[in-house]
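Notes for the one structure printed next.
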Amino acid sequence: MSVLQVNNITDTGGSTLLGRRNAIINGNFDVWQRGTSQTADGYGSADRWELALSGATGSLSQQSFTVGQTDVPNNPKYFLRLSITGADNNVGLIHQVEDVSRFAGQTVTLSFYAKYVTKAPSSITMRLRQFFGTGGSPSVSVENDVTDILSGITTSWKKFIVSYTLPSITGKTLGTNGNDSQSVYFLNPNNETFDLDIAQVQLEAGSVATPFERRSYGEELALCQRYCLVVGGGGSGAADIVADVSPYATTASVGSLKLPTTMRAIPTLTWSGAFIVELSGTANTPVTVISVANGSSNRSVILNINHTAQASFISNKYAYLQANAVDARLTIDAEL
């Protein structure tokens, strides 16, 4: 195993760079389907990025670059801020890359921009975690750490570059449900409060950091929607039609939602806010339960919908599920 850590290296130039180099999805922090801030563990703000509080208190939040700034190239719009206000160890960020075989036995390079606002973390560890999937062997993840990757961090944006050779997966056994992964962790191992801003994260094969690969918003959104799709009001209006439904009783309907892209697995669903089942503008009723039904796939979701009684529904077959508030949304989840 070899480890090389180098800070403040300029991106290479003078050679032809092929696209689709960056294994990090939403490394430019363009997509925020779930919201612009969170204070709980897991997913809740920037797509594909998890908050790991490990008993601490803190938040992830969306921050905006000043238009025209040049400290971070390519005119990014947003960056991510991690703020820890109640200390504990091993807090940080997680990004899970699908498929543990990707990069196995190869040298990879992680590059990103970072700074702090008021209090720098005393150190950040990069952990590359190989997980072989449910039922895979070994059942315990293989964790590969590079310590103190933010040496020299200041209150101004600075580029950091870390290269690492990952272990081979020869002799390992993968699980059968497709949730094996190669995860990237940014962890603070110390019991301390701090803040950390991060932008333009890239993970790629090879020992050299190439210029950040910026994909269009539409392409980045589609990549994110393989793992999470949020539909509903979402601030765009209280009359968003979510799905066509067929009432089959005064208090129950079934709906079908075609997914915009093939998701990683058959998804689960959570819902929040006010929804109604609307019958062609002639009658509507509040929804009480929305769940994923048997027969769903990773390309379309069948919805079981319960609602308060509406007598006219029993003799009609066509209606639709509608978000009835700007904060009403379905979160359809196939995350690793």
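Numbering starts fresh at 1 for the residues of each chain in the structure tokens, the chains themselves are lettered A, B, ... in the order given, and ligands are numbered from 1 as they appear.
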Next on the checklist: I'd like the neighbourhood of stretch 73-89 of chain A as a list in words, where a residue qualifies if any of its atoms comes within 7 Å (using only C-alpha atoms), though same-chain residues fewer than 5 positions away should be ignored.
Outcome noted: Asn28, Phe29, Asp30, Ser54, Gly55, Ala56, Thr57, Gly58, Ser59, Leu60, Ser61, Gln62, Gln63, Ser64, Phe65, Gly68, Asn188, Pro189, Asn190, Asn191, Glu192, Thr193, Phe194, Asp195, Leu196, Asp197, Ile198 and Ala199 of chain A
Item to check | Filtered DSSP result for stretch 80-281 of chain A, state helix (DSSP H, G or I), as number ranges by chain | outcome: A: 217-225
Checklist entry - Which residues come within 10 Å of A:Trp271, counting only C-alpha atoms, excluding same-chain residues fewer than 6 positions away, as JSON, numbers by chain? => result {"A": [230, 231, 232, 289, 290, 291, 328, 329, 330, 331, 332]}
Please list as a short mmCIF file (atom, residue, chain, number, x, y, z; two decimals) with N, CA and C atoms, in the first residue's frame every residue within 6 Å of A:Glu278, counting only C-alpha atoms and excluding residues in the same chain fewer than 6 positions away.
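Wrote around.cif, looks like this:
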```cif
data_model
loop_
_atom_site.label_atom_id
_atom_site.label_comp_id
_atom_site.auth_asym_id
_atom_site.auth_seq_id
_atom_site.Cartn_x
_atom_site.Cartn_y
_atom_site.Cartn_z
N ASN A 284 -62.93 16.25 -4.08
CA ASN A 284 -61.60 15.90 -3.61
C ASN A 284 -61.67 15.51 -2.15
N ALA A 319 -58.80 9.67 -11.37
CA ALA A 319 -58.56 10.83 -10.54
C ALA A 319 -57.06 11.06 -10.53
N TYR A 320 -56.59 11.96 -9.68
CA TYR A 320 -55.15 12.17 -9.58
C TYR A 320 -54.78 12.58 -8.16
#
```
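The environment of A:Met263 within 7 Å, counting only C-alpha atoms and disregarding residues fewer than 3 places along the same chain, consists of Gln225, Arg226, Tyr227, Asn298, Arg299 and Ala334 of chain A.
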Checklist entry - Using only C-alpha atoms, which of the listed residues (A:Ser246, A:Thr282, A:Thr173, A:Thr165) sits closest to A:Ser207? => result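 Once distances to A:Ser207 are computed over only C-alpha atoms, the minimum belongs to A:Thr165.
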Checklist outcome for this item: One decimal place gives the atom CA of A:Val326-atom CA of A:Gly44 separation as 17.8 Å
Excluding A:Ala46 and residues on its chain fewer than 3 positions from it, collect all residues at most 7 Å away from it, counting only C-alpha atoms, and give them as a PDB file with N, CA and C atoms, in the first residue's frame.
```
ATOM      1  N   PHE A  29     -22.243  20.418  -5.825  1.00  0.00           N
ATOM      2  CA  PHE A  29     -23.334  20.833  -4.930  1.00  0.00           C
ATOM      3  C   PHE A  29     -24.403  21.655  -5.656  1.00  0.00           C
ATOM      4  N   VAL A  31     -27.364  20.171  -6.768  1.00  0.00           N
ATOM      5  CA  VAL A  31     -28.683  19.554  -6.596  1.00  0.00           C
ATOM      6  C   VAL A  31     -29.010  19.435  -5.111  1.00  0.00           C
ATOM      7  N   TRP A  32     -30.192  19.961  -4.737  1.00  0.00           N
ATOM      8  CA  TRP A  32     -30.649  19.970  -3.340  1.00  0.00           C
ATOM      9  C   TRP A  32     -32.130  19.587  -3.304  1.00  0.00           C
ATOM     10  N   THR A  36     -32.337  22.679   1.784  1.00  0.00           N
ATOM     11  CA  THR A  36     -31.075  23.419   1.773  1.00  0.00           C
ATOM     12  C   THR A  36     -30.338  23.378   3.107  1.00  0.00           C
ATOM     13  N   TRP A  49     -25.001  13.403  -0.330  1.00  0.00           N
ATOM     14  CA  TRP A  49     -24.109  13.698   0.782  1.00  0.00           C
ATOM     15  C   TRP A  49     -24.835  13.443   2.098  1.00  0.00           C
TER      16      TRP A  49
END
```
Checklist entry - Quick one, how far is atom CA of A:Ser272 from atom CA of A:Lys258? => result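 So the answer is 19.9 Å.
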